[in-house]
Amino acid sequence: VVRALESSVYPYSRYEFYEQNLADFSTKLLWAEGFNFGGARLSPRGDGFYLVGSSRFYSPDPAQPWNYYDMDLYFWDRAAGAVRNLTADFSPCVGLDMIYAGQRGETFGFSGDGRTVYFLATRGGRSLVYRLGPDGRIAEEPVDGRVIWGFDRLDKTGAFVYLAGSLERTPALRRQADGRASELLWDVNAGLFDRLDVARTEAWDYHAPDGRELSGWLTLPAGFDPARKYPLVVFYYGGVIPCGEVLDWQLQGLAGRGYAVFVVNPRGAVGYGPAFADEHPNEWGLKSADDIIAATQALLQEKAFLDPKAVGAFSGSYGGFLAMTLATRTTLFAALCSEYGIANLASYWGAGWGGYQYGQTAMPGAYPWNRPEMYVGQSPLFHADRVRTPLLLMHGLSDTNVPAEESAQMFTALKVLGRDTAYIRFYGEDHGMKGKFENWVAQEQFLEYWFDRYLKGQGLGWDTLAARLREKK
């Protein structure tokens, strides 16, 4: 039994692990710790339990800069009454945690004798299956696919089934037996892909002058002709988790409309090792925005078919914050879109359930009263007068994570300043704005027409949607 507790002091969350006797329902506290929890399972051998949690426990010093979304696999040993880290020297992040990829099965499972543990781990923009043997050695399973969406043990022979997808294919169900090639069991979209012309995607990594590397990939526009010039749309997240190397219909839709689409993972994301992930705490756009700008500029210099005067960028949540930040930091982009983004770090921290909880890793030890220079200096709202790029804001009015007032504040500031902006509000929508299918479609239409207007000079679609909104009023 796992109990999550909240506290009024740092750390704000704490987990307690109990053993419960089902005969009389008595409980015994086994272990307690302040960290980020990702699941637990009893050992088949009955000698303890396995759990997924932060690679490091909370330190008494809240200013210690580490990313608590970076996860490891632990074992609580019943005989010793203590926990040990099984993946301390393992660089990927245990579990599946990335944009556009969600958990669809177990994070970890066991062999028939319970001595070998199989687990998912995020490595860059990929999630893969690894095997932890009785000798403590970790080996990668030869699965077929870039992103494993989830897996389940199938039988005692060591076989398991999993969902595997890639940048150009939706997930398919496969069976993997130890030491053998995988077997395709079911591809529900096989017939669909026979009729589709999926845009081609190629890896493109950014190598900075200081030696750091950022992983990314470029999706080419439909009917690609290297002799032509194409507008570019950049997507990123920039928060604690990477974009996954999975097929995404929104990005494919942009490619189908004639855009090249560049996805990049800036510093701060898990899956690239602890040092890379630990760049996230208290950075709030100082490093991640620079990474996006530098990688985009390098891509434009290398690819002659990209039009440097027709570049847009968008993302949501922390990525929405970065869209606003980019608008205050550069004129590289001809159009930007922030979806359910953060404008004011102080109001975000103090409102909604996401602010102070996420603040455990995003702003450790930093509060409006002891770090006002960060809350003001790194909030886009306080630099709205620097914005020269058309900025589209979209937000759900029932967002409990990032309150809609974040977009409203930025919109008000830009209107007062006479800047080119628009604010689309979705009534009843929470974080992500995808509660209703028609709203999901609408937000993609607004995004596409915004880019058409400023990157292609085609404003009819946007003007038509705007007219419809005015008629509804």
# chains A, B, ... in the order shown; residues from 1 in each chain; ligands from 1
>>> residues_around(residues="range 274-278 of chain A", least_positions_apart="4", cutoff="6 Å", atoms="only C-alpha atoms", output="number ranges by chain")
A: 66-67, 267-270
>>> select_by_dssp(residues="range 117-366 of chain A", states="alpha helix (DSSP H)", output="NGL selection string")
:A and (190-194 or 249-256 or 274-277 or 288-302 or 318-329 or 345-350 or 354-362)
>>> write_last_selection(atoms="C-alpha atoms", output="short mmCIF file (atom, residue, chain, number, x, y, z; two decimals), in the first residue's frame")
data_model
loop_
_atom_site.label_atom_id
_atom_site.label_comp_id
_atom_site.auth_asym_id
_atom_site.auth_seq_id
_atom_site.Cartn_x
_atom_site.Cartn_y
_atom_site.Cartn_z
CA ALA A 190 -1.71 -1.53 -41.60
CA GLY A 191 -4.42 -0.96 -44.20
CA LEU A 192 -4.55 2.75 -43.46
CA PHE A 193 -0.84 3.23 -44.10
CA ASP A 194 -1.14 1.46 -47.43
CA TRP A 249 -0.68 13.58 -36.73
CA GLN A 250 -0.52 17.30 -35.95
CA LEU A 251 3.08 17.52 -37.16
CA GLN A 252 2.25 15.32 -40.13
CA GLY A 253 -0.66 17.64 -40.88
CA LEU A 254 1.68 20.63 -40.98
CA ALA A 255 4.00 18.71 -43.32
CA GLY A 256 0.99 17.92 -45.50
CA PRO A 274 21.56 13.24 -15.10
CA ALA A 275 23.83 16.14 -16.09
CA PHE A 276 21.57 17.05 -19.03
CA ALA A 277 18.38 16.71 -16.93
CA SER A 288 16.30 26.04 -23.18
CA ALA A 289 15.37 29.13 -25.22
CA ASP A 290 19.01 29.59 -26.24
CA ASP A 291 19.12 25.93 -27.34
CA ILE A 292 16.01 26.31 -29.51
CA ILE A 293 17.31 29.50 -31.12
CA ALA A 294 20.80 28.10 -31.76
CA ALA A 295 19.57 24.78 -33.15
CA THR A 296 17.07 26.51 -35.45
CA GLN A 297 19.70 28.93 -36.76
CA ALA A 298 22.11 26.05 -37.45
CA LEU A 299 19.39 24.10 -39.28
CA LEU A 300 18.54 27.12 -41.44
CA GLN A 301 22.19 27.56 -42.37
CA GLU A 302 22.57 23.92 -43.38
CA TYR A 318 6.27 24.85 -20.28
CA GLY A 319 6.66 24.92 -24.05
CA GLY A 320 4.02 27.65 -24.13
CA PHE A 321 6.09 29.59 -21.62
CA LEU A 322 9.04 29.16 -23.97
CA ALA A 323 7.01 30.44 -26.94
CA MET A 324 6.33 33.65 -24.97
CA THR A 325 9.99 33.76 -23.91
CA LEU A 326 11.18 33.39 -27.50
CA ALA A 327 8.91 36.29 -28.45
CA THR A 328 10.78 38.49 -25.95
CA ARG A 329 14.26 37.22 -26.86
CA LEU A 345 6.14 32.79 -12.66
CA ALA A 346 4.76 34.30 -9.46
CA SER A 347 1.07 33.87 -10.32
CA TYR A 348 1.75 30.41 -11.79
CA TRP A 349 3.58 29.34 -8.63
CA GLY A 350 0.79 30.51 -6.37
CA GLY A 354 0.85 22.57 -10.85
CA GLY A 355 2.80 25.60 -9.66
CA TYR A 356 4.31 24.81 -6.30
CA GLN A 357 4.33 21.02 -6.86
CA TYR A 358 6.17 21.30 -10.16
CA GLY A 359 8.23 23.98 -8.45
CA GLN A 360 9.94 21.24 -6.44
CA THR A 361 12.10 20.59 -9.49
CA ALA A 362 11.54 23.72 -11.62
#
>>> atom_distance(atom1="CA of Glu245 in chain A", atom2="CA of Gly432 in chain A")
19.8 Å
>>> select_by_dssp(residues="range 399-433 of chain A", states="strand (DSSP E)", output="ChimeraX atom specification")
/A:421-426
>>> write_last_selection(atoms="N, CA and C atoms", output="PDB file, in the first residue's frame")
ATOM      1  N   THR A 421      -1.447  40.163 -31.779  1.00  0.00           N
ATOM      2  CA  THR A 421      -1.715  38.997 -30.942  1.00  0.00           C
ATOM      3  C   THR A 421      -3.169  38.589 -31.066  1.00  0.00           C
ATOM      4  N   ALA A 422      -3.466  37.376 -30.633  1.00  0.00           N
ATOM      5  CA  ALA A 422      -4.841  36.874 -30.564  1.00  0.00           C
ATOM      6  C   ALA A 422      -4.907  35.891 -29.415  1.00  0.00           C
ATOM      7  N   TYR A 423      -6.055  35.824 -28.767  1.00  0.00           N
ATOM      8  CA  TYR A 423      -6.241  34.927 -27.622  1.00  0.00           C
ATOM      9  C   TYR A 423      -7.500  34.099 -27.855  1.00  0.00           C
ATOM     10  N   ILE A 424      -7.325  32.784 -27.993  1.00  0.00           N
ATOM     11  CA  ILE A 424      -8.443  31.856 -28.193  1.00  0.00           C
ATOM     12  C   ILE A 424      -8.688  31.116 -26.889  1.00  0.00           C
ATOM     13  N   ARG A 425      -9.890  31.265 -26.331  1.00  0.00           N
ATOM     14  CA  ARG A 425     -10.255  30.628 -25.072  1.00  0.00           C
ATOM     15  C   ARG A 425     -11.194  29.463 -25.336  1.00  0.00           C
ATOM     16  N   PHE A 426     -10.926  28.339 -24.687  1.00  0.00           N
ATOM     17  CA  PHE A 426     -11.757  27.146 -24.840  1.00  0.00           C
ATOM     18  C   PHE A 426     -12.500  26.894 -23.532  1.00  0.00           C
TER      19      PHE A 426
END
>>> atom_distance(atom1="CA of Phe37 in chain A", atom2="CA of Leu247 in chain A")
28.3 Å
